[in-house]
$ cat work_0.txt   # compact mmCIF, C-alpha atoms
# COMPACT_ATOMS: atom_id res chain seq x y z
CA MET A 951 0.00 0.00 0.00
CA ASN A 952 1.18 3.54 -0.74
CA ASP A 953 2.63 4.94 2.48
CA LYS A 954 0.88 8.24 1.83
CA LEU A 955 -2.44 6.52 2.32
CA ASN A 956 -1.37 4.68 5.46
CA PRO A 957 -0.25 7.39 7.92
CA SER A 958 2.27 6.30 10.52
CA SER A 959 2.48 7.71 14.02
CA THR A 960 5.07 10.22 12.74
CA LEU A 961 2.75 11.67 10.12
CA THR A 962 0.64 14.44 11.62
CA PRO A 963 -1.81 17.03 10.26
CA GLU A 964 0.87 19.67 10.94
CA LYS A 965 3.42 17.74 8.85
CA ILE A 966 0.96 17.32 5.99
CA CYS A 967 0.12 21.04 6.09
CA ALA A 968 3.82 21.92 6.01
CA ASP A 969 4.37 19.62 3.02
CA VAL A 970 1.49 21.25 1.13
CA GLU A 971 2.75 24.74 1.93
CA SER A 972 6.26 23.86 0.72
CA ASN A 973 4.89 22.22 -2.44
CA ASN A 974 6.22 18.82 -1.39
CA MET A 975 2.69 17.37 -1.55
CA ASN A 976 -0.22 18.18 -3.82
CA LYS A 977 -3.73 18.86 -2.53
CA LYS A 978 -5.15 15.59 -3.83
CA ALA A 979 -2.62 13.53 -1.85
CA ALA A 980 -3.17 15.76 1.17
CA THR A 981 -6.93 15.29 0.91
CA ASP A 982 -6.54 11.51 0.95
CA LEU A 983 -4.27 11.68 3.99
CA PHE A 984 -6.56 14.03 5.89
CA ILE A 985 -9.53 11.78 5.16
CA THR A 986 -7.60 8.77 6.47
CA MET A 987 -6.77 10.68 9.65
CA ILE A 988 -10.36 11.84 10.10
CA GLU A 989 -11.50 8.24 9.91
CA SER A 990 -8.88 6.69 12.18
CA SER A 991 -6.97 9.17 14.37
CA ASP A 992 -7.41 10.65 17.84
CA THR A 993 -9.87 13.50 18.36
CA ASN A 994 -7.29 16.29 18.23
CA SER A 995 -5.77 15.03 14.97
CA ARG A 996 -9.22 14.56 13.47
CA ILE A 997 -10.18 18.15 14.29
CA LYS A 998 -6.93 19.52 12.86
CA SER A 999 -7.44 17.46 9.71
CA ILE A 1000 -10.98 18.82 9.30
CA GLU A 1001 -9.71 22.37 9.82
CA ALA A 1002 -7.08 21.77 7.14
CA PHE A 1003 -9.87 21.30 4.59
CA SER A 1004 -10.73 24.94 5.23
CA LYS A 1005 -7.13 26.19 5.31
CA PHE A 1006 -6.28 24.73 1.92
CA SER A 1007 -9.73 25.07 0.31
CA LEU A 1008 -10.05 21.32 -0.24
CA MET A 1009 -13.51 21.39 -1.79
CA SER A 1010 -13.67 18.31 -3.97
CA ASP A 1011 -16.73 16.05 -3.95
CA LYS A 1012 -14.67 13.59 -1.91
CA ALA A 1013 -13.90 16.28 0.66
CA PHE A 1014 -17.54 17.32 0.80
CA LYS A 1015 -18.70 13.78 1.51
CA ILE A 1016 -16.31 13.28 4.41
CA ILE A 1017 -17.18 16.64 5.99
CA GLU A 1018 -20.89 15.97 5.50
CA ASN A 1019 -20.55 12.59 7.18
CA CYS A 1020 -18.71 14.14 10.13
CA LEU A 1021 -21.36 16.84 10.52
CA VAL A 1022 -24.40 14.59 10.25
CA SER A 1023 -23.37 11.36 11.93
CA ASP A 1024 -20.15 11.56 13.95
CA GLU A 1025 -20.66 10.68 17.62
CA ASN A 1026 -18.14 13.28 18.88
CA ALA A 1027 -19.63 16.77 19.33
CA LEU A 1028 -16.23 18.43 18.84
CA ILE A 1029 -15.84 16.71 15.46
CA ARG A 1030 -19.35 17.76 14.39
CA ASN A 1031 -18.60 21.30 15.50
CA ALA A 1032 -15.41 21.51 13.44
CA ALA A 1033 -17.24 20.05 10.45
CA ALA A 1034 -20.05 22.61 10.76
CA LYS A 1035 -17.59 25.49 10.36
CA VAL A 1036 -15.92 23.97 7.31
CA MET A 1037 -19.26 23.07 5.76
CA PHE A 1038 -20.55 26.62 6.13
CA TYR A 1039 -17.48 28.62 5.18
CA ASN A 1040 -15.92 26.45 2.47
CA PHE A 1041 -18.73 24.93 0.48
CA PRO A 1042 -21.26 26.89 -1.58
CA LYS A 1043 -24.85 27.11 -0.38
CA ARG A 1044 -26.07 24.87 -3.19
CA LYS A 1045 -24.06 22.06 -1.54
CA ASN A 1046 -24.11 22.91 2.16
CA PHE A 1047 -27.81 23.79 2.44
CA ILE A 1048 -29.15 20.24 2.97
CA PRO A 1049 -26.60 19.03 5.57
CA LEU A 1050 -26.88 22.31 7.48
CA ARG A 1051 -30.68 22.06 7.41
CA HIS A 1052 -30.44 18.53 8.79
CA THR A 1053 -28.18 19.78 11.59
CA VAL A 1054 -30.55 22.64 12.43
CA GLN A 1055 -33.43 20.17 12.74
CA HIS A 1056 -31.69 17.37 14.64
CA GLU A 1057 -28.54 18.57 16.44
CA ASN A 1058 -28.81 18.63 20.26
CA SER A 1059 -25.31 19.61 21.40
CA PRO A 1060 -25.17 23.10 22.96
CA ILE A 1061 -21.65 23.53 21.57
CA ILE A 1062 -22.76 23.09 17.98
CA ILE A 1063 -26.02 25.01 18.34
CA ARG A 1064 -24.11 27.95 19.86
CA ASN A 1065 -21.66 27.82 16.97
CA LEU A 1066 -24.39 27.58 14.34
CA LEU A 1067 -26.35 30.50 15.77
CA ASP A 1068 -23.24 32.67 15.66
CA ILE A 1069 -22.49 31.59 12.10
CA PHE A 1070 -26.02 32.11 10.81
CA GLU A 1071 -26.45 35.45 12.52
CA SER A 1072 -23.20 36.68 11.00
CA LYS A 1073 -24.96 36.18 7.64
CA ASN A 1074 -28.31 37.57 8.73
CA ASN A 1075 -28.75 39.34 5.38
CA ASP A 1076 -29.17 35.91 3.74
CA PRO A 1077 -32.84 34.84 4.10
CA HIS A 1078 -31.97 31.13 4.16
CA PHE A 1079 -29.54 31.41 7.03
CA ARG A 1080 -31.82 33.86 8.82
CA PHE A 1081 -34.52 31.19 8.59
CA PHE A 1082 -32.11 28.59 10.01
CA SER A 1083 -31.36 30.91 12.93
CA GLU A 1084 -35.08 31.37 13.60
CA GLN A 1085 -35.62 27.59 13.46
CA LEU A 1086 -32.86 26.98 15.99
CA ARG A 1087 -34.15 29.65 18.35
CA GLY A 1088 -37.67 28.23 18.03
CA ARG A 1089 -36.37 24.81 19.08
CA LEU A 1090 -34.59 26.32 22.08
CA ILE A 1091 -37.67 28.25 23.22
CA LYS A 1092 -39.66 25.00 23.26
CA THR A 1093 -36.85 22.99 24.87
CA TYR A 1094 -36.12 25.45 27.68
CA ASN A 1095 -39.70 26.73 27.98
CA ILE A 1096 -38.47 30.28 28.55
CA PRO A 1097 -38.91 33.70 26.92
CA ALA A 1098 -36.91 34.24 23.71
CA GLU A 1099 -34.69 36.89 25.31
CA GLU A 1100 -33.32 34.33 27.82
CA ILE A 1101 -32.15 31.81 25.20
CA ASN A 1102 -28.56 33.03 25.05
CA LEU A 1103 -28.17 32.84 28.82
CA TYR A 1104 -29.36 29.23 29.02
CA LEU A 1105 -27.43 28.10 25.95
CA ASN A 1106 -24.20 29.76 27.06
CA LEU A 1107 -24.47 28.24 30.52
CA GLU A 1108 -24.89 24.80 28.98
CA VAL A 1109 -21.77 25.32 26.86
CA LEU A 1110 -19.92 26.28 30.04
CA TYR A 1111 -21.20 23.15 31.75
CA ILE A 1112 -19.67 21.05 28.97
CA GLU A 1113 -16.37 22.91 29.25
CA TYR A 1114 -16.40 22.48 33.03
CA SER A 1115 -17.44 18.82 33.14
CA GLY A 1116 -16.06 17.45 29.87
CA ASP A 1117 -19.47 15.85 29.26
CA LEU A 1118 -19.63 15.98 25.46
CA ASP A 1119 -22.86 13.97 25.47
CA PHE A 1120 -24.73 16.77 27.28
CA LYS A 1121 -27.87 17.69 25.29
CA ILE A 1122 -29.84 20.91 25.31
CA GLY A 1123 -32.33 21.16 28.15
CA LYS A 1124 -31.86 17.61 29.43
CA THR A 1125 -29.84 17.96 32.63
CA TRP A 1126 -30.92 21.12 34.39
CA PHE A 1127 -29.82 20.05 37.86
CA LYS A 1128 -26.34 19.19 36.62
CA LEU A 1129 -26.08 22.78 35.49
CA ILE A 1130 -27.21 24.09 38.85
CA GLY A 1131 -24.73 21.73 40.52
CA MET A 1132 -21.94 23.28 38.50
CA LEU A 1133 -22.93 26.80 39.49
CA LYS A 1134 -22.98 25.89 43.18
CA ASN A 1135 -19.28 25.03 43.01
CA PHE A 1136 -18.40 28.68 42.45
CA SER A 1137 -18.58 31.72 44.70
CA ASN A 1138 -20.84 34.74 44.22
CA THR A 1139 -23.43 32.90 42.13
CA THR A 1140 -26.32 32.93 44.60
CA ALA A 1141 -28.27 35.65 42.81
CA LEU A 1142 -27.84 33.98 39.45
CA ILE A 1143 -28.92 30.58 40.77
CA GLN A 1144 -32.03 32.15 42.28
CA ARG A 1145 -32.79 33.90 39.02
CA LEU A 1146 -32.42 30.72 37.00
CA TYR A 1147 -34.63 28.72 39.36
CA TYR A 1148 -37.22 31.48 39.19
CA LEU A 1149 -37.21 31.48 35.39
CA LYS A 1150 -37.37 27.70 35.29
CA LEU A 1151 -40.45 27.75 37.49
CA GLY A 1152 -42.15 30.24 35.20
CA GLY A 1153 -41.89 33.29 37.47
CA LYS A 1154 -41.37 36.84 36.38
CA LYS A 1155 -37.91 37.80 35.21
CA TYR A 1156 -35.41 39.36 37.54
CA THR A 1157 -33.29 42.27 36.36
CA PRO A 1158 -31.22 40.93 33.44
CA LEU A 1159 -27.54 40.22 33.83
CA PRO A 1160 -25.35 43.01 32.46
CA ASP A 1161 -24.04 40.73 29.71
CA HIS A 1162 -25.25 37.32 28.50
CA SER A 1163 -22.19 36.67 26.35
CA ILE A 1164 -20.34 33.42 26.87
CA SER A 1165 -17.04 35.23 27.52
CA TYR A 1166 -18.62 37.15 30.40
CA LEU A 1167 -20.12 33.99 31.89
CA ARG A 1168 -16.89 32.07 31.45
CA ASP A 1169 -15.03 34.75 33.40
CA ILE A 1170 -17.54 34.32 36.23
CA PHE A 1171 -17.65 30.52 36.44
CA LEU A 1172 -14.49 29.04 35.00
CA LYS A 1173 -11.23 29.67 36.81
CA GLU A 1174 -9.20 28.04 34.06
CA LYS A 1175 -9.92 26.94 30.52
CA VAL A 1176 -10.89 23.27 30.29
CA TYR A 1177 -10.35 22.86 26.54

$ encode --input "work_0.txt" --output "structure tokens"
Amino acid sequence: MNDKLNPSSTLTPEKICADVESNNMNKKAATDLFITMIESSDTNSRIKSIEAFSKFSLMSDKAFKIIENCLVSDENALIRNAAAKVMFYNFPKRKNFIPLRHTVQHENSPIIIRNLLDIFESKNNDPHFRFFSEQLRGRLIKTYNIPAEEINLYLNLEVLYIEYSGDLDFKIGKTWFKLIGMLKNFSNTTALIQRLYYLKLGGKKYTPLPDHSISYLRDIFLKEKVY
């Protein structure tokens, strides 16, 4: 078998990228190697290989199929998340529309939903992606059973729970008390916990937090970056 299609432990995504950049490997050979790594390597190497599709504009039909498969059916949320970015930014809408629509309708990972909302809303002038954003927010309103203006707070807190716990199988709206348990491990969160309980029980809203962004919440709850 051609060694290029059977990566050894010394062949890494970084080495392949360097070979492409120095013209020691063409994009077709690199595509085959990245695909092999995506199918058989550790999570970190798989993510770097997926990201390389974007870096080198590897947009063949073969590349599309492997990214589509990662987005739609991979069990690892981090892999699906990396694939979502490449699918959106590197493939034209005529190709990425169907797999992205499937993800909007069926994806349950807070990490990926957070990422997709940010992506779609960055292209809010496109009616198709604006519709996708509205669909996702509609799903979250039903899942959390909260007012629309509280979606970002809940979603961002769930992303933080995943970062804190490493629980990549966490699904939107499924483990509320795990989230509360996380918050109780940190100081100065009493008011927020009370507010969240109150919202969950359908009470009137308390005064909103000054900022619902994930960076603000991460500064409050996470003392060090998990990923």

$ atom_distance --input "work_0.txt" --atom1 "CA of Ser1023 (chain A)" --atom2 "CA of Ala1098 (chain A)"
29.1 Å

$ residues_around --input "work_0.txt" --residues "region 1063-1080 of chain A" --least-positions-apart "6" --cutoff "12 Å" --atoms "only C-alpha atoms" --output "PyMOL selection string"
chain A and resi 1021+1027-1028+1030-1039+1043-1044+1046-1048+1050-1051+1053-1057+1086-1090+1101-1110+1121-1122+1163-1164

$ atom_distance --input "work_0.txt" --atom1 "CA of Phe984 (chain A)" --atom2 "CA of Pro1060 (chain A)"
26.8 Å

$ residues_around --input "work_0.txt" --residues "Ser995 (chain A)" --least-positions-apart "4" --cutoff "10 Å" --atoms "all atoms listed in the file" --output "number ranges by chain"
A: 962-964, 984, 987-988, 990-991, 999-1001

$ atom_distance --input "work_0.txt" --atom1 "CA of Lys1012 (chain A)" --atom2 "CA of Ile997 (chain A)"
17.4 Å

$ axis_aligned_box --input "work_0.txt" --around "region 990-1003 of chain A" --padding-each-side "3 Å" --output "AutoDock Vina command-line options"
--center_x -8.4 --center_y 14.5 --center_z 11.5 --size_x 11.2 --size_y 21.7 --size_z 19.8

$ residues_around --input "work_0.txt" --residues "region 980-982 of chain A" --least-positions-apart "3" --cutoff "12 Å" --atoms "all atoms listed in the file" --output "PDB file with C-alpha atoms, in the coordinates of the input"
ATOM      1  CA  ASN A 952       1.180   3.540  -0.740  1.00  0.00           C
ATOM      2  CA  ASP A 953       2.630   4.940   2.480  1.00  0.00           C
ATOM      3  CA  LYS A 954       0.880   8.240   1.830  1.00  0.00           C
ATOM      4  CA  LEU A 955      -2.440   6.520   2.320  1.00  0.00           C
ATOM      5  CA  ASN A 956      -1.370   4.680   5.460  1.00  0.00           C
ATOM      6  CA  PRO A 957      -0.250   7.390   7.920  1.00  0.00           C
ATOM      7  CA  LEU A 961       2.750  11.670  10.120  1.00  0.00           C
ATOM      8  CA  THR A 962       0.640  14.440  11.620  1.00  0.00           C
ATOM      9  CA  PRO A 963      -1.810  17.030  10.260  1.00  0.00           C
ATOM     10  CA  GLU A 964       0.870  19.670  10.940  1.00  0.00           C
ATOM     11  CA  LYS A 965       3.420  17.740   8.850  1.00  0.00           C
ATOM     12  CA  ILE A 966       0.960  17.320   5.990  1.00  0.00           C
ATOM     13  CA  CYS A 967       0.120  21.040   6.090  1.00  0.00           C
ATOM     14  CA  ALA A 968       3.820  21.920   6.010  1.00  0.00           C
ATOM     15  CA  ASP A 969       4.370  19.620   3.020  1.00  0.00           C
ATOM     16  CA  VAL A 970       1.490  21.250   1.130  1.00  0.00           C
ATOM     17  CA  GLU A 971       2.750  24.740   1.930  1.00  0.00           C
ATOM     18  CA  ASN A 973       4.890  22.220  -2.440  1.00  0.00           C
ATOM     19  CA  ASN A 974       6.220  18.820  -1.390  1.00  0.00           C
ATOM     20  CA  MET A 975       2.690  17.370  -1.550  1.00  0.00           C
ATOM     21  CA  ASN A 976      -0.220  18.180  -3.820  1.00  0.00           C
ATOM     22  CA  LYS A 977      -3.730  18.860  -2.530  1.00  0.00           C
ATOM     23  CA  ILE A 985      -9.530  11.780   5.160  1.00  0.00           C
ATOM     24  CA  THR A 986      -7.600   8.770   6.470  1.00  0.00           C
ATOM     25  CA  MET A 987      -6.770  10.680   9.650  1.00  0.00           C
ATOM     26  CA  ILE A 988     -10.360  11.840  10.100  1.00  0.00           C
ATOM     27  CA  GLU A 989     -11.500   8.240   9.910  1.00  0.00           C
ATOM     28  CA  SER A 999      -7.440  17.460   9.710  1.00  0.00           C
ATOM     29  CA  ILE A1000     -10.980  18.820   9.300  1.00  0.00           C
ATOM     30  CA  GLU A1001      -9.710  22.370   9.820  1.00  0.00           C
ATOM     31  CA  ALA A1002      -7.080  21.770   7.140  1.00  0.00           C
ATOM     32  CA  PHE A1003      -9.870  21.300   4.590  1.00  0.00           C
ATOM     33  CA  SER A1004     -10.730  24.940   5.230  1.00  0.00           C
ATOM     34  CA  LYS A1005      -7.130  26.190   5.310  1.00  0.00           C
ATOM     35  CA  PHE A1006      -6.280  24.730   1.920  1.00  0.00           C
ATOM     36  CA  SER A1007      -9.730  25.070   0.310  1.00  0.00           C
ATOM     37  CA  LEU A1008     -10.050  21.320  -0.240  1.00  0.00           C
ATOM     38  CA  MET A1009     -13.510  21.390  -1.790  1.00  0.00           C
ATOM     39  CA  SER A1010     -13.670  18.310  -3.970  1.00  0.00           C
ATOM     40  CA  ASP A1011     -16.730  16.050  -3.950  1.00  0.00           C
ATOM     41  CA  LYS A1012     -14.670  13.590  -1.910  1.00  0.00           C
ATOM     42  CA  ALA A1013     -13.900  16.280   0.660  1.00  0.00           C
ATOM     43  CA  PHE A1014     -17.540  17.320   0.800  1.00  0.00           C
ATOM     44  CA  LYS A1015     -18.700  13.780   1.510  1.00  0.00           C
ATOM     45  CA  ILE A1016     -16.310  13.280   4.410  1.00  0.00           C
ATOM     46  CA  ILE A1017     -17.180  16.640   5.990  1.00  0.00           C
TER      47      ILE A1017
END

$ decode --input "work_0.txt" --residues "region 1056-1088 of chain A" --atoms "C-alpha atoms" --output "compact mmCIF listing (two decimals), in the first residue's frame"
# COMPACT_ATOMS: atom_id res chain seq x y z
CA HIS A 1056 -31.69 17.37 14.64
CA GLU A 1057 -28.54 18.57 16.44
CA ASN A 1058 -28.81 18.63 20.26
CA SER A 1059 -25.31 19.61 21.40
CA PRO A 1060 -25.17 23.10 22.96
CA ILE A 1061 -21.65 23.53 21.57
CA ILE A 1062 -22.76 23.09 17.98
CA ILE A 1063 -26.02 25.01 18.34
CA ARG A 1064 -24.11 27.95 19.86
CA ASN A 1065 -21.66 27.82 16.97
CA LEU A 1066 -24.39 27.58 14.34
CA LEU A 1067 -26.35 30.50 15.77
CA ASP A 1068 -23.24 32.67 15.66
CA ILE A 1069 -22.49 31.59 12.10
CA PHE A 1070 -26.02 32.11 10.81
CA GLU A 1071 -26.45 35.45 12.52
CA SER A 1072 -23.20 36.68 11.00
CA LYS A 1073 -24.96 36.18 7.64
CA ASN A 1074 -28.31 37.57 8.73
CA ASN A 1075 -28.75 39.34 5.38
CA ASP A 1076 -29.17 35.91 3.74
CA PRO A 1077 -32.84 34.84 4.10
CA HIS A 1078 -31.97 31.13 4.16
CA PHE A 1079 -29.54 31.41 7.03
CA ARG A 1080 -31.82 33.86 8.82
CA PHE A 1081 -34.52 31.19 8.59
CA PHE A 1082 -32.11 28.59 10.01
CA SER A 1083 -31.36 30.91 12.93
CA GLU A 1084 -35.08 31.37 13.60
CA GLN A 1085 -35.62 27.59 13.46
CA LEU A 1086 -32.86 26.98 15.99
CA ARG A 1087 -34.15 29.65 18.35
CA GLY A 1088 -37.67 28.23 18.03
